[in-house]
$ cat work20.cif   # mmCIF, C-alpha atoms
data_structure
#
loop_
_atom_site.group_PDB
_atom_site.id
_atom_site.type_symbol
_atom_site.label_atom_id
_atom_site.label_comp_id
_atom_site.auth_asym_id
_atom_site.auth_seq_id
_atom_site.Cartn_x
_atom_site.Cartn_y
_atom_site.Cartn_z
ATOM 1 C CA MET A 415 23.266 -17.157 9.856
ATOM 2 C CA THR A 416 21.090 -17.715 12.906
ATOM 3 C CA SER A 417 17.521 -16.498 13.246
ATOM 4 C CA HIS A 418 18.719 -14.012 15.886
ATOM 5 C CA GLN A 419 21.168 -12.457 13.435
ATOM 6 C CA SER A 420 18.624 -12.251 10.606
ATOM 7 C CA SER A 421 16.120 -10.406 12.799
ATOM 8 C CA GLN A 422 18.689 -7.649 13.326
ATOM 9 C CA LEU A 423 19.250 -7.021 9.613
ATOM 10 C CA PRO A 424 17.809 -3.700 8.377
ATOM 11 C CA GLN A 425 14.427 -3.797 6.671
ATOM 12 C CA TYR A 426 14.451 -2.202 3.224
ATOM 13 C CA ASP A 427 11.446 -0.672 1.524
ATOM 14 C CA ARG A 428 11.019 0.561 -2.025
ATOM 15 C CA ILE A 429 9.062 3.258 -3.759
ATOM 16 C CA VAL A 430 6.277 2.237 -6.110
ATOM 17 C CA ARG A 431 5.238 4.490 -8.996
ATOM 18 C CA GLU A 432 1.676 5.009 -10.268
ATOM 19 C CA LYS A 433 1.492 2.153 -12.766
ATOM 20 C CA GLU A 434 2.631 -0.438 -10.233
ATOM 21 C CA ARG A 435 0.500 1.135 -7.471
ATOM 22 C CA LYS A 436 -2.586 0.596 -9.585
ATOM 23 C CA GLN A 437 -1.612 -3.022 -10.275
ATOM 24 C CA ILE A 438 -1.014 -3.694 -6.573
ATOM 25 C CA THR A 439 -4.157 -2.046 -5.195
ATOM 26 C CA GLY A 440 -6.547 -2.369 -8.124
ATOM 27 C CA ILE A 441 -8.010 1.100 -7.614
ATOM 28 C CA SER A 442 -7.933 4.082 -9.936
ATOM 29 C CA ARG A 443 -5.765 7.147 -9.475
ATOM 30 C CA ALA A 444 -8.830 9.300 -8.734
ATOM 31 C CA HIS A 445 -10.146 6.893 -6.095
ATOM 32 C CA ALA A 446 -6.711 6.635 -4.459
ATOM 33 C CA PHE A 447 -6.499 10.433 -4.346
ATOM 34 C CA GLN A 448 -9.949 10.677 -2.759
ATOM 35 C CA LEU A 449 -9.075 8.059 -0.128
ATOM 36 C CA GLU A 450 -5.766 9.795 0.564
ATOM 37 C CA ARG A 451 -7.534 13.123 1.128
ATOM 38 C CA ASN A 452 -9.788 11.377 3.665
ATOM 39 C CA HIS A 453 -6.744 9.840 5.405
ATOM 40 C CA GLU A 454 -7.870 6.332 4.368
ATOM 41 C CA TYR A 455 -4.934 5.539 2.056
ATOM 42 C CA PRO A 456 -1.135 5.748 2.309
ATOM 43 C CA ARG A 457 0.295 9.210 1.627
ATOM 44 C CA ARG A 458 2.333 9.867 -1.475
ATOM 45 C CA VAL A 459 6.071 10.466 -1.210
ATOM 46 C CA ARG A 460 7.353 13.395 -3.264
ATOM 47 C CA LEU A 461 10.273 12.303 -5.437
ATOM 48 C CA GLY A 462 10.720 15.510 -7.415
ATOM 49 C CA ASN A 463 8.847 18.511 -8.781
ATOM 50 C CA ARG A 464 6.466 16.389 -10.859
ATOM 51 C CA SER A 465 7.092 12.934 -9.459
ATOM 52 C CA VAL A 466 5.508 10.968 -6.607
ATOM 53 C CA GLY A 467 5.485 7.400 -5.378
ATOM 54 C CA TRP A 468 4.229 5.262 -2.526
ATOM 55 C CA ARG A 469 6.057 3.050 -0.039
ATOM 56 C CA TYR A 470 5.488 -0.570 -1.018
ATOM 57 C CA SER A 471 5.188 -1.639 2.631
ATOM 58 C CA GLU A 472 2.454 0.935 3.284
ATOM 59 C CA LEU A 473 0.448 -0.237 0.268
ATOM 60 C CA LEU A 474 0.669 -3.853 1.458
ATOM 61 C CA ALA A 475 -0.364 -2.829 4.988
ATOM 62 C CA TRP A 476 -3.330 -0.912 3.538
ATOM 63 C CA ILE A 477 -4.417 -3.968 1.523
ATOM 64 C CA ASN A 478 -4.110 -6.227 4.571
ATOM 65 C CA SER A 479 -6.145 -3.804 6.687
ATOM 66 C CA ARG A 480 -9.018 -3.968 4.193
ATOM 67 C CA GLN A 481 -9.287 -7.767 4.077
ATOM 68 C CA ILE A 482 -12.325 -9.192 5.856
ATOM 69 C CA PRO A 483 -11.646 -12.224 8.074
ATOM 70 C CA GLN A 484 -13.242 -15.472 6.796
ATOM 71 C CA SER A 485 -15.391 -15.790 9.959
ATOM 72 C CA GLN A 486 -17.160 -12.493 9.147
ATOM 73 C CA THR A 487 -18.048 -13.487 5.591
ATOM 74 C CA GLY A 488 -20.050 -16.584 6.588
ATOM 75 C CA GLY A 489 -17.600 -19.004 4.982
ATOM 76 C CA VAL A 490 -17.368 -20.212 1.415
ATOM 77 C CA GLY A 491 -20.549 -20.504 -0.610
ATOM 78 C CA GLY A 492 -22.601 -17.808 1.107
ATOM 79 C CA ALA A 493 -25.899 -18.193 2.898
ATOM 80 C CA GLU A 494 -28.150 -21.173 2.232
#

$ encode --input "work20.cif" --output "structure tokens"
Amino acid sequence: MTSHQSSQLPQYDRIVREKERKQITGISRAHAFQLERNHEYPRRVRLGNRSVGWRYSELLAWINSRQIPQSQTGGVGGAE
């Protein structure tokens, strides 16, 4: 398969439930809910009457958006 062919393959996402969401993001359910209400966190996807999940790709994008570039942290070891 060439690189051109692989770029045309469909991208698949999956739904993450609460337990895995907490492991991925490291934040509590209450904090995630508060951030979601303030439009600072990926929205839940309703799976049923009493069931929700999150798109894995959106959680990863949220994590990446919160990472501070190394140049802004002053490098390793902090200030001297």

$ resolve_selection --input "work20.cif" --expression "the PyMOL selection byres ((chain A and resi 434-442) around 9)" --output "VMD selection string"
chain A and resid 430 to 433 443 to 447 467 to 468 470 473 to 474 476 to 477

$ resolve_selection --input "work20.cif" --expression "the PyMOL selection byres ((chain A and resi 459) around 10)" --output "ChimeraX atom specification"
/A:429-431,456-458,460-462,465-469

$ closest_residue --input "work20.cif" --among "A:Tyr455, A:Asn463, A:Glu450, A:Tyr426" --to "A:Ala475" --atoms "all atoms listed in the file"
A:Tyr455

$ axis_aligned_box --input "work20.cif" --around "stretch 429-446 of chain A" --padding-each-side "6 Å" --output "AutoDock Vina command-line options"
--center_x -0.5 --center_y 2.8 --center_z -8.3 --size_x 31.2 --size_y 25.0 --size_z 21.0

$ build_atoms --input "work20.cif" --residues "stretch 429-452 of chain A" --atoms "N, CA and C atoms" --output "short mmCIF file (atom, residue, chain, number, x, y, z; two decimals), in the frame of the given file"
data_model
loop_
_atom_site.label_atom_id
_atom_site.label_comp_id
_atom_site.auth_asym_id
_atom_site.auth_seq_id
_atom_site.Cartn_x
_atom_site.Cartn_y
_atom_site.Cartn_z
N ILE A 429 10.08 2.32 -3.31
CA ILE A 429 9.06 3.26 -3.76
C ILE A 429 8.39 2.68 -5.01
N VAL A 430 7.09 2.75 -5.01
CA VAL A 430 6.28 2.24 -6.11
C VAL A 430 5.70 3.43 -6.86
N ARG A 431 5.81 3.41 -8.17
CA ARG A 431 5.24 4.49 -9.00
C ARG A 431 3.79 4.17 -9.35
N GLU A 432 3.12 5.09 -10.01
CA GLU A 432 1.68 5.01 -10.27
C GLU A 432 1.25 3.72 -10.96
N LYS A 433 1.91 3.33 -12.01
CA LYS A 433 1.49 2.15 -12.77
C LYS A 433 1.48 0.90 -11.89
N GLU A 434 2.54 0.73 -11.12
CA GLU A 434 2.63 -0.44 -10.23
C GLU A 434 1.66 -0.31 -9.06
N ARG A 435 1.45 0.91 -8.56
CA ARG A 435 0.50 1.14 -7.47
C ARG A 435 -0.89 0.67 -7.87
N LYS A 436 -1.27 0.99 -9.10
CA LYS A 436 -2.59 0.60 -9.59
C LYS A 436 -2.68 -0.92 -9.72
N GLN A 437 -1.61 -1.56 -10.16
CA GLN A 437 -1.61 -3.02 -10.28
C GLN A 437 -1.71 -3.67 -8.90
N ILE A 438 -1.03 -3.12 -7.92
CA ILE A 438 -1.01 -3.69 -6.57
C ILE A 438 -2.36 -3.53 -5.88
N THR A 439 -2.93 -2.33 -5.95
CA THR A 439 -4.16 -2.05 -5.20
C THR A 439 -5.43 -2.29 -5.98
N GLY A 440 -5.36 -2.16 -7.30
CA GLY A 440 -6.55 -2.37 -8.12
C GLY A 440 -7.53 -1.21 -8.11
N ILE A 441 -7.11 -0.05 -7.61
CA ILE A 441 -8.01 1.10 -7.61
C ILE A 441 -7.44 2.19 -8.52
N SER A 442 -8.34 3.03 -9.01
CA SER A 442 -7.93 4.08 -9.94
C SER A 442 -7.16 5.18 -9.22
N ARG A 443 -6.51 6.00 -10.01
CA ARG A 443 -5.76 7.15 -9.48
C ARG A 443 -6.70 8.11 -8.74
N ALA A 444 -7.88 8.37 -9.34
CA ALA A 444 -8.83 9.30 -8.73
C ALA A 444 -9.35 8.77 -7.40
N HIS A 445 -9.65 7.48 -7.34
CA HIS A 445 -10.15 6.89 -6.10
C HIS A 445 -9.05 6.90 -5.02
N ALA A 446 -7.83 6.60 -5.41
CA ALA A 446 -6.71 6.64 -4.46
C ALA A 446 -6.53 8.05 -3.91
N PHE A 447 -6.64 9.04 -4.78
CA PHE A 447 -6.50 10.43 -4.35
C PHE A 447 -7.60 10.82 -3.35
N GLN A 448 -8.82 10.38 -3.65
CA GLN A 448 -9.95 10.68 -2.76
C GLN A 448 -9.74 10.01 -1.40
N LEU A 449 -9.33 8.76 -1.39
CA LEU A 449 -9.07 8.06 -0.13
C LEU A 449 -7.94 8.71 0.64
N GLU A 450 -6.90 9.13 -0.08
CA GLU A 450 -5.77 9.80 0.56
C GLU A 450 -6.20 11.10 1.23
N ARG A 451 -7.03 11.87 0.55
CA ARG A 451 -7.53 13.12 1.13
C ARG A 451 -8.33 12.88 2.40
N ASN A 452 -9.00 11.73 2.49
CA ASN A 452 -9.79 11.38 3.66
C ASN A 452 -8.97 10.60 4.70
#
